[in-house]
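Presented below is the structure to which this report refers.
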Amino acid sequence: MQASSPTEARLRWAPWWVLAFVALWPLPGPAETVLSLGSLLAMALLALRRFRGGMVLLSHEAWALTSVLFLSYWLPELVSSLDAYNPGRALRESLLDLRYLPFLWLVAIAVGTERGRRLTFGGLAVILGFWLLDALVQASTGFSLGGPATADRLSGVFGADNLKLGLVLASLAPFPLTSAAERFGLAGWLVAALVLVAVVLLAGARASWVTLGLVLVFSAWQQFRNRRVIVALALGAAAVLCVATLGSDKLQQRIERTEAMLAGSPEGMDHALSGRLPIWATALRMAAAHPVNGVGVRGFRDAYPQYAAPDDPWLRDGDHGAGYHAHQIVLEVLSETGLFGLLCWLGGVALACRAWRFATPEARLRARAPALALAVTLFPLNTHLAFYSTFWGGLTLLLAALYAGSLLADGGRRPD
């Protein structure tokens, strides 16, 4: 048996570093520290070996796809800073985000071996399981490790001033679902699915309902290829929804707000979308005024008063309210990075899809959880957090690296 290289031995800690980063998400400061230190350590170890050990750790294809996916995210940032509405901030954001590249290499290396994938994917399932348990305790008692719940929704370990619980659980749901199916079969998968439905519903973010619905349908089909499972899940989810609605007036109000979309009027649509139609119209005006490279990454809030309509409701308070970002991925990319940014993003999506198309069945099997998580997070027919924010951008890039590293760990291509 061939001995591990020194570099490979030193990077056996990579899965644990990735898990520490995710586990600390409810604490933004420590999570950012773990990310930055991981980047520095990865660069130091790889530079020490002058990258000669790189192909021992990861295939050429995985290195390439991870780097290209990063560039499809980062190049629009850099180009948008050239004449940004707030050039100092846009340039600072693009330079700061360079740290993601070595960290993404580290993430891809973490899942480049069977041991690494087992630790990383299993660890993500455990972390989410703990967050789900904490949320259930909060639903029962009103308290969690993140503090007391808000008046209208579960906040869980993220706390009442950081309402991301439902969105994070929905995006990462493929990991506990896949783990439950592998360990306990259909029964385990159904239990995990129903717990996720209950917590995500009570967490309140309707974008997370769409995301979780997509995850459950595609995960059920991936795991069992059985329509009856999907029907059973739908019935169970409907039962959970009915029970949760009866026990939560706030949840009932959100469902009624969503139903306003069925009226077909602009007013009903805007009400159902929590007043986002003016934000989207403003984003389109920004994109039309700056078609090449947008108003600059994170410049949306600065440009908002100039491009908003005079009667825009979000101008009534001093800080523009929800007008901090476009709340929709295509409009965010267009308004902040222009057509150049949109083409870069589409190029990254096309290359990720091409890698999946030409991968072996074994490669697809080991990458199915991060592939599904990445796809539903980027699903364009939904509302979103800001992809160029530190938290949501970091989550998205993490999923991209998990996908590239697991899919192409051994090259992942079918033989010619």
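Letters A, B, ... mark the chains of the structure tokens in the order given; residue numbers begin at 1 per chain; ligand numbers begin at 1, in order shown.
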Task: Shell around region 152-166 of chain A at 6 Å using only C-alpha atoms, local window under 6 positions removed, as a VMD selection string - done: chain A and resid 26 135 144 to 146 200 202 to 204 208 250
- [ ] Pick out the residues sitting within 8 Å of Ala373 (chain A), and hand them over as a list of chain:residue names; count only C-alpha atoms, and ignore anything fewer than 5 positions along from it in its own chain.
- [x]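 Neighbouring residues, sequence-local ones excluded: A:Ser171, A:Leu172, A:Ala173, A:Pro174, A:Val215, A:Leu399.
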- [ ] Select, from A:Ala170, A:Thr178, A:Gly123, A:Asp97, the residue with the minimum atom-to-atom distance to Leu212 (chain A), counting only C-alpha atoms.
- [x]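 The closest residue to Leu212 (chain A) is A:Ala170.
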- [ ] Rank A:Asn86, A:Ala181, A:Leu334, A:Ser94 by their smallest atom-to-atom distance to Arg301 (chain A), using only C-alpha atoms, and report the top residue only.
- [x]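 Checking each of A:Asn86, A:Ala181, A:Leu334, A:Ser94 against Arg301 (chain A), counting only C-alpha atoms, the winner is A:Asn86.
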Open item on the list: Taking 3 positions as the minimum chain separation for residues in the same chain, which residues sit within 12 Å of Ser389 (chain A) when counting only C-alpha atoms? Answer as a ChimeraX atom specification.
Closed with: /A:73,77,90,93-94,96-97,297-300,324-327,332,384-386,392-397
Open item on the list: For a quick check of understanding, using only C-alpha atoms, which of A:Ala42, A:Ala62, A:Leu374, A:Ala409 has the smallest distance to Glu114 (chain A)?
Closed with: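 Ranking A:Ala42, A:Ala62, A:Leu374, A:Ala409 by distance to Glu114 (chain A), first place goes to A:Ala409.
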TODO: Name the residues of region 37-244 of chain A that fall into alpha helix (DSSP H) according to DSSP on the backbone, using the chain letters and numbers of this document, as a PyMOL selection string.
DONE: chain A and resi 37-48+54-57+60-80+87-96+100-110+114-141+165-172+174-203+206-224+227-244
Can you write just those residues out, C-alpha atoms, as a short mmCIF file (atom, residue, chain, number, x, y, z; two decimals), in the first residue's frame?
```cif
data_model
loop_
_atom_site.label_atom_id
_atom_site.label_comp_id
_atom_site.auth_asym_id
_atom_site.auth_seq_id
_atom_site.Cartn_x
_atom_site.Cartn_y
_atom_site.Cartn_z
CA LEU A 37 -7.41 30.84 8.64
CA GLY A 38 -8.38 27.87 6.47
CA SER A 39 -7.51 29.88 3.36
CA LEU A 40 -4.14 30.87 4.77
CA LEU A 41 -3.30 27.35 5.90
CA ALA A 42 -4.29 25.84 2.56
CA MET A 43 -2.21 28.37 0.65
CA ALA A 44 0.76 27.91 2.96
CA LEU A 45 0.77 24.13 2.66
CA LEU A 46 0.27 24.14 -1.11
CA ALA A 47 2.88 26.85 -1.62
CA LEU A 48 5.31 24.95 0.59
CA GLY A 54 -1.98 19.14 -5.62
CA MET A 55 -2.85 16.29 -7.93
CA VAL A 56 -2.31 13.82 -5.10
CA LEU A 57 -5.03 15.62 -3.23
CA HIS A 60 -6.97 18.14 -12.51
CA GLU A 61 -10.67 18.34 -13.36
CA ALA A 62 -11.72 19.14 -9.78
CA TRP A 63 -9.05 21.83 -9.45
CA ALA A 64 -10.20 23.36 -12.72
CA LEU A 65 -13.95 23.30 -12.04
CA THR A 66 -13.58 24.67 -8.51
CA SER A 67 -11.43 27.54 -9.81
CA VAL A 68 -13.75 28.31 -12.73
CA LEU A 69 -16.84 28.37 -10.50
CA PHE A 70 -15.05 30.78 -8.19
CA LEU A 71 -14.08 33.01 -11.11
CA SER A 72 -17.65 33.04 -12.44
CA TYR A 73 -18.63 34.53 -9.08
CA TRP A 74 -15.60 36.77 -8.50
CA LEU A 75 -14.82 38.30 -11.91
CA PRO A 76 -18.15 40.17 -12.01
CA GLU A 77 -17.26 41.69 -8.65
CA LEU A 78 -13.93 42.94 -9.88
CA VAL A 79 -15.26 44.33 -13.17
CA SER A 80 -18.22 46.00 -11.44
CA PRO A 87 -16.19 52.10 -6.02
CA GLY A 88 -14.35 51.86 -2.72
CA ARG A 89 -16.76 49.34 -1.29
CA ALA A 90 -17.03 47.33 -4.52
CA LEU A 91 -13.25 47.05 -4.84
CA ARG A 92 -12.87 46.19 -1.17
CA GLU A 93 -15.48 43.43 -1.49
CA SER A 94 -13.78 41.94 -4.55
CA LEU A 95 -10.33 41.97 -2.94
CA LEU A 96 -11.66 40.51 0.31
CA TYR A 100 -12.52 32.23 -0.96
CA LEU A 101 -10.40 30.66 -3.69
CA PRO A 102 -7.90 28.79 -1.47
CA PHE A 103 -10.72 27.97 0.92
CA LEU A 104 -12.72 26.43 -1.93
CA TRP A 105 -9.69 24.34 -2.89
CA LEU A 106 -9.60 23.20 0.73
CA VAL A 107 -13.32 22.30 0.61
CA ALA A 108 -12.87 20.38 -2.64
CA ILE A 109 -9.88 18.53 -1.13
CA ALA A 110 -12.00 17.71 1.93
CA GLU A 114 -14.21 8.48 0.32
CA ARG A 115 -13.17 9.15 3.93
CA GLY A 116 -13.44 12.90 3.41
CA ARG A 117 -16.89 12.70 1.82
CA ARG A 118 -18.15 10.44 4.58
CA LEU A 119 -16.91 12.80 7.28
CA THR A 120 -18.03 15.99 5.55
CA PHE A 121 -21.47 14.96 4.31
CA GLY A 122 -22.20 12.98 7.48
CA GLY A 123 -21.00 15.87 9.61
CA LEU A 124 -23.25 18.33 7.75
CA ALA A 125 -26.18 16.00 8.39
CA VAL A 126 -25.33 15.90 12.12
CA ILE A 127 -25.02 19.70 12.33
CA LEU A 128 -28.38 20.20 10.63
CA GLY A 129 -29.92 17.51 12.83
CA PHE A 130 -28.74 19.42 15.90
CA TRP A 131 -30.16 22.69 14.54
CA LEU A 132 -33.48 20.95 13.82
CA LEU A 133 -33.63 19.54 17.35
CA ASP A 134 -32.87 22.97 18.79
CA ALA A 135 -35.65 24.48 16.64
CA LEU A 136 -38.14 21.86 17.84
CA VAL A 137 -37.24 22.72 21.42
CA GLN A 138 -37.80 26.38 20.60
CA ALA A 139 -41.17 25.56 19.05
CA SER A 140 -42.15 23.75 22.27
CA THR A 141 -40.66 26.05 24.90
CA LEU A 165 -32.81 29.38 9.94
CA GLY A 166 -35.40 28.27 7.38
CA LEU A 167 -33.31 29.33 4.38
CA VAL A 168 -30.19 27.54 5.60
CA LEU A 169 -32.07 24.37 6.52
CA ALA A 170 -33.83 24.28 3.15
CA SER A 171 -30.65 24.79 1.12
CA LEU A 172 -28.70 22.15 3.07
CA PRO A 174 -30.17 17.22 0.85
CA PHE A 175 -27.44 16.25 3.32
CA PRO A 176 -29.61 15.03 6.23
CA LEU A 177 -32.12 13.52 3.79
CA THR A 178 -29.44 11.54 1.96
CA SER A 179 -27.84 10.45 5.23
CA ALA A 180 -31.19 9.35 6.69
CA ALA A 181 -32.04 7.37 3.54
CA GLU A 182 -28.66 5.63 3.49
CA ARG A 183 -28.86 4.65 7.18
CA PHE A 184 -32.55 4.01 7.77
CA GLY A 185 -34.12 3.66 4.34
CA LEU A 186 -37.51 5.07 3.42
CA ALA A 187 -38.71 5.40 7.03
CA GLY A 188 -35.66 7.45 8.02
CA TRP A 189 -36.00 9.67 4.97
CA LEU A 190 -39.70 10.34 5.66
CA VAL A 191 -39.06 11.22 9.30
CA ALA A 192 -36.25 13.62 8.33
CA ALA A 193 -38.44 15.14 5.61
CA LEU A 194 -41.39 15.76 7.93
CA VAL A 195 -39.20 17.32 10.63
CA LEU A 196 -37.68 19.61 8.01
CA VAL A 197 -41.14 20.57 6.75
CA ALA A 198 -42.35 21.42 10.26
CA VAL A 199 -39.32 23.53 11.20
CA VAL A 200 -39.00 25.32 7.86
CA LEU A 201 -42.70 26.18 7.85
CA LEU A 202 -42.47 27.64 11.35
CA ALA A 203 -39.25 29.48 10.51
CA ARG A 206 -41.59 31.58 2.22
CA ALA A 207 -38.57 31.41 -0.10
CA SER A 208 -37.38 28.50 2.04
CA TRP A 209 -40.73 26.75 1.47
CA VAL A 210 -40.10 26.80 -2.28
CA THR A 211 -36.52 25.61 -1.81
CA LEU A 212 -37.47 22.77 0.52
CA GLY A 213 -40.31 21.69 -1.75
CA LEU A 214 -37.87 21.31 -4.63
CA VAL A 215 -35.42 19.41 -2.44
CA LEU A 216 -38.05 16.96 -1.23
CA VAL A 217 -39.38 16.15 -4.69
CA PHE A 218 -35.98 15.63 -6.28
CA SER A 219 -34.49 13.87 -3.26
CA ALA A 220 -37.41 11.44 -3.13
CA TRP A 221 -36.96 10.67 -6.81
CA GLN A 222 -33.17 10.33 -6.49
CA GLN A 223 -33.38 8.00 -3.53
CA PHE A 224 -36.38 5.81 -4.32
CA ARG A 227 -44.11 8.03 -7.22
CA ARG A 228 -45.85 6.55 -4.19
CA VAL A 229 -43.12 7.95 -1.95
CA ILE A 230 -43.73 11.42 -3.35
CA VAL A 231 -47.48 11.04 -2.84
CA ALA A 232 -46.92 9.85 0.76
CA LEU A 233 -44.61 12.79 1.37
CA ALA A 234 -47.14 15.25 -0.06
CA LEU A 235 -49.89 13.87 2.20
CA GLY A 236 -47.62 13.99 5.24
CA ALA A 237 -46.47 17.53 4.44
CA ALA A 238 -50.10 18.63 4.01
CA ALA A 239 -50.93 17.14 7.41
CA VAL A 240 -47.98 18.94 9.03
CA LEU A 241 -49.04 22.18 7.33
CA CYS A 242 -52.59 21.87 8.63
CA VAL A 243 -51.46 21.17 12.19
CA ALA A 244 -48.86 23.97 12.11
#
```
Task: Point-to-point distance in Å for CA of Tyr388 (chain A) and CA of Ser81 (chain A) - done: 13.0 Å
Task: strand (DSSP E) positions in region 60-267 of chain A, given as a PyMOL selection string - done: chain A and resi 143-144+147-148
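Taking CA of Ala367 (chain A) as the reference point, CA of Arg12 (chain A) is found at 19.8 Å.
Minimum distance to Pro28 (chain A) across A:Pro305, A:Met286, A:Ala371, A:Phe391 (counting only C-alpha atoms) occurs at A:Phe391.
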TODO: Excluding Val34 (chain A) and residues on its chain fewer than 2 positions from it, collect all residues at most 8 Å away from it, counting only C-alpha atoms, and give them as a count of residues only.
DONE: 9
Task: d(CA of Val18 (chain A), CA of Arg366 (chain A)) in Å - done: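 Interatomic distance here is 17.7 Å.
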